[in-house]
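First the structure, in the form of structure tokens, and then the observations on it.
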Amino acid sequence: MSSEKKLLKLLGIFFVPVLVLAIVFTFFHQSNAQVNEQVSTIEASFLRQHNLNAINTDRQNSIDKVMKIISRYNRKMDDSSSYAIANEIYIMSQKYPNLNVDFIAATITHESAQTWSPTVTSKVGAMGLMQVMPATGAFLAVEEGVSWTSATRVLYNPILNIRLGCRYLNELVGLYEKDGGLAAYNGGPKRAEMWIASNRNNKILWKETQKYVPAVLKLYEQYRSEGAM
């Protein structure tokens, strides 16, 4: 056998195992990559499910809490209406960064004179759960994309009333913080600005507003302390 053939044979002996090892290494490398990808996908799926479960739990706890608050003040409201209102309050708490379920519920409790009646009306003409004035409601309806058919149809609709009221309250709290936002909601933004500029001298506020702000904040702290009930 020539030296060239011996060399080729020798190379063949070593080349085949090396080739096999390379193939095996590539296979396992690809398999590990696929396994890692599958594990990452499963982990991401579990994380999404966990987050969804947490969100659903928070939502249901919030709805249950508001429904129990409603039942304290309005025993005649049916469960379907109570659930719809509580659900809308939760939605608004997620939509608006300056609001939460307890703050909205406290505002409604006081604004509705502790009735939680969708058709409650004040002496000055403020209407519905969040006591929205018709002129303010018509303006907010344009911003919210709500068809303004009439004040009674819109503002006595608890879902629309909450939607419009929360939009306005969120803007005010964003400008003046919680106490200033409540002062503006009850007594008007100009009066709230004067109050804040005076280092919160209560003499600046209307007499009604002087009582209104601490009353709502007291309810707010009460509801917060009650947890999920």
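Ordered as shown in the structure tokens, chains take letters A, B, and onward, while each chain numbers its residues from 1 and ligands are numbered from 1 in the order shown.
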
Item to check | stretch 204-210 of chain A environment, 9 Å, only C-alpha atoms, sequence neighbours closer than 3 positions dropped, as a ChimeraX atom specification | outcome: /A:182-184,186-187,191-192,194-195,198,200-201,213-214

Next on the checklist: When you look at stretch 118-132 of chain A with a cut-off of 10 Å (counting only C-alpha atoms), what residues show up, excluding the ones that are within fewer than 3 positions of it in the same chain? I need them as a ChimeraX atom specification.
Outcome noted: /A:77,85,104-105,107-115,135-138,140,151-152,154-166,168-169,185-186

Take the residues from that selection and put them in a file with N, CA, C and O atoms, as a compact mmCIF listing (two decimals), in the first residue's frame.
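Dumped everything to part-v4.txt:
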```txt
# COMPACT_ATOMS: atom_id res chain seq x y z
N MET A 77 -81.63 48.32 46.07
CA MET A 77 -80.98 48.10 44.78
C MET A 77 -80.78 46.61 44.53
O MET A 77 -80.29 45.88 45.39
N ILE A 85 -72.68 48.75 38.82
CA ILE A 85 -72.09 49.97 39.38
C ILE A 85 -70.72 49.69 39.97
O ILE A 85 -69.75 50.42 39.74
N ILE A 104 -63.34 56.65 45.11
CA ILE A 104 -64.56 56.84 44.31
C ILE A 104 -65.79 56.50 45.15
O ILE A 104 -66.78 57.24 45.15
N ALA A 105 -65.73 55.39 45.87
CA ALA A 105 -66.87 54.96 46.70
C ALA A 105 -67.17 55.99 47.79
O ALA A 105 -68.34 56.28 48.08
N THR A 107 -66.52 59.20 47.67
CA THR A 107 -67.08 60.39 47.02
C THR A 107 -68.57 60.18 46.71
O THR A 107 -69.40 61.05 46.97
N ILE A 108 -68.88 59.01 46.16
CA ILE A 108 -70.28 58.72 45.83
C ILE A 108 -71.15 58.66 47.08
O ILE A 108 -72.27 59.19 47.09
N THR A 109 -70.64 58.03 48.13
CA THR A 109 -71.41 57.94 49.37
C THR A 109 -71.83 59.32 49.86
O THR A 109 -72.99 59.55 50.21
N HIS A 110 -70.87 60.24 49.89
CA HIS A 110 -71.18 61.58 50.37
C HIS A 110 -72.00 62.37 49.36
O HIS A 110 -72.97 63.05 49.74
N GLU A 111 -71.62 62.29 48.09
CA GLU A 111 -72.33 63.06 47.06
C GLU A 111 -73.81 62.66 46.97
O GLU A 111 -74.67 63.50 46.74
N SER A 112 -74.08 61.40 47.15
CA SER A 112 -75.46 60.91 47.04
C SER A 112 -76.22 61.03 48.36
O SER A 112 -77.31 60.46 48.50
N ALA A 113 -75.64 61.75 49.31
CA ALA A 113 -76.25 61.91 50.64
C ALA A 113 -76.49 60.55 51.29
O ALA A 113 -77.52 60.30 51.93
N GLN A 114 -75.53 59.66 51.10
CA GLN A 114 -75.55 58.31 51.66
C GLN A 114 -76.78 57.50 51.22
O GLN A 114 -77.27 56.66 51.97
N THR A 115 -77.22 57.74 49.99
CA THR A 115 -78.37 56.98 49.47
C THR A 115 -77.95 55.99 48.39
O THR A 115 -78.64 54.98 48.19
N ALA A 135 -74.78 71.25 33.02
CA ALA A 135 -73.85 71.97 32.15
C ALA A 135 -72.48 71.30 32.14
O ALA A 135 -71.85 71.14 31.08
N THR A 136 -72.02 70.91 33.32
CA THR A 136 -70.73 70.22 33.42
C THR A 136 -70.81 68.86 32.74
O THR A 136 -69.88 68.44 32.04
N GLY A 137 -71.93 68.17 32.94
CA GLY A 137 -72.12 66.86 32.34
C GLY A 137 -72.11 66.92 30.82
O GLY A 137 -71.51 66.05 30.16
N ALA A 138 -72.74 67.94 30.24
CA ALA A 138 -72.77 68.08 28.79
C ALA A 138 -71.37 68.29 28.24
O ALA A 138 -71.00 67.75 27.19
N LEU A 140 -68.50 67.33 29.76
CA LEU A 140 -67.74 66.09 29.97
C LEU A 140 -68.16 65.01 28.98
O LEU A 140 -67.34 64.20 28.56
N ALA A 151 -80.22 65.54 30.05
CA ALA A 151 -79.58 65.45 31.36
C ALA A 151 -80.10 64.25 32.15
O ALA A 151 -79.32 63.52 32.78
N THR A 152 -81.41 64.05 32.13
CA THR A 152 -81.98 62.95 32.90
C THR A 152 -81.54 61.59 32.38
O THR A 152 -81.22 60.68 33.16
N VAL A 154 -78.83 60.82 30.71
CA VAL A 154 -77.40 60.57 30.89
C VAL A 154 -77.02 60.54 32.36
O VAL A 154 -76.40 59.58 32.84
N LEU A 155 -77.40 61.54 33.10
CA LEU A 155 -76.93 61.67 34.48
C LEU A 155 -77.65 60.78 35.47
O LEU A 155 -77.13 60.49 36.55
N TYR A 156 -78.86 60.32 35.12
CA TYR A 156 -79.53 59.34 35.96
C TYR A 156 -79.16 57.90 35.58
O TYR A 156 -79.58 56.96 36.24
N ASN A 157 -78.37 57.77 34.54
CA ASN A 157 -77.79 56.47 34.20
C ASN A 157 -76.54 56.30 35.06
O ASN A 157 -75.56 57.02 34.88
N PRO A 158 -76.54 55.39 36.03
CA PRO A 158 -75.42 55.32 36.99
C PRO A 158 -74.07 55.05 36.34
O PRO A 158 -73.05 55.57 36.80
N ILE A 159 -74.05 54.27 35.27
CA ILE A 159 -72.78 53.95 34.62
C ILE A 159 -72.21 55.20 33.95
O ILE A 159 -71.02 55.52 34.10
N LEU A 160 -73.04 55.92 33.21
CA LEU A 160 -72.59 57.14 32.55
C LEU A 160 -72.25 58.23 33.56
O LEU A 160 -71.27 58.97 33.38
N ASN A 161 -73.03 58.31 34.62
CA ASN A 161 -72.77 59.29 35.66
C ASN A 161 -71.39 59.06 36.29
O ASN A 161 -70.62 60.01 36.48
N ILE A 162 -71.11 57.82 36.61
CA ILE A 162 -69.81 57.48 37.21
C ILE A 162 -68.69 57.77 36.22
O ILE A 162 -67.63 58.29 36.59
N ARG A 163 -68.91 57.46 34.97
CA ARG A 163 -67.90 57.68 33.95
C ARG A 163 -67.56 59.16 33.81
O ARG A 163 -66.39 59.54 33.74
N LEU A 164 -68.59 59.99 33.78
CA LEU A 164 -68.38 61.43 33.64
C LEU A 164 -67.81 62.02 34.93
O LEU A 164 -66.86 62.84 34.89
N GLY A 165 -68.38 61.62 36.07
CA GLY A 165 -67.91 62.14 37.34
C GLY A 165 -66.46 61.80 37.63
O GLY A 165 -65.68 62.64 38.10
N CYS A 166 -66.07 60.58 37.31
CA CYS A 166 -64.69 60.14 37.56
C CYS A 166 -63.71 60.84 36.62
O CYS A 166 -62.57 61.14 37.01
N TYR A 168 -63.97 63.88 35.56
CA TYR A 168 -63.79 65.22 36.12
C TYR A 168 -62.99 65.17 37.42
O TYR A 168 -62.05 65.96 37.62
N LEU A 169 -63.32 64.24 38.30
CA LEU A 169 -62.63 64.13 39.59
C LEU A 169 -61.16 63.79 39.39
O LEU A 169 -60.29 64.34 40.08
N TYR A 185 -64.08 69.91 43.29
CA TYR A 185 -65.25 69.17 42.84
C TYR A 185 -66.52 69.74 43.47
O TYR A 185 -67.57 69.82 42.83
N ASN A 186 -66.41 70.14 44.73
CA ASN A 186 -67.58 70.65 45.45
C ASN A 186 -67.77 72.15 45.29
O ASN A 186 -68.90 72.63 45.11
```

Item to check | Expected answer as a PyMOL selection string: helix (DSSP H, G or I) residues in stretch 48-195 of chain A | outcome: chain A and resi 48-73+79-95+101-111+134-144+151-155+158-187+189-195

Item to check | Nearest candidate to A:Lys68 (options A:Tyr223, A:Tyr176, A:Trp148, A:Tyr96; using only C-alpha atoms) | outcome: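 Going through A:Tyr223, A:Tyr176, A:Trp148, A:Tyr96 one by one, the smallest distance to A:Lys68 is for A:Tyr223.
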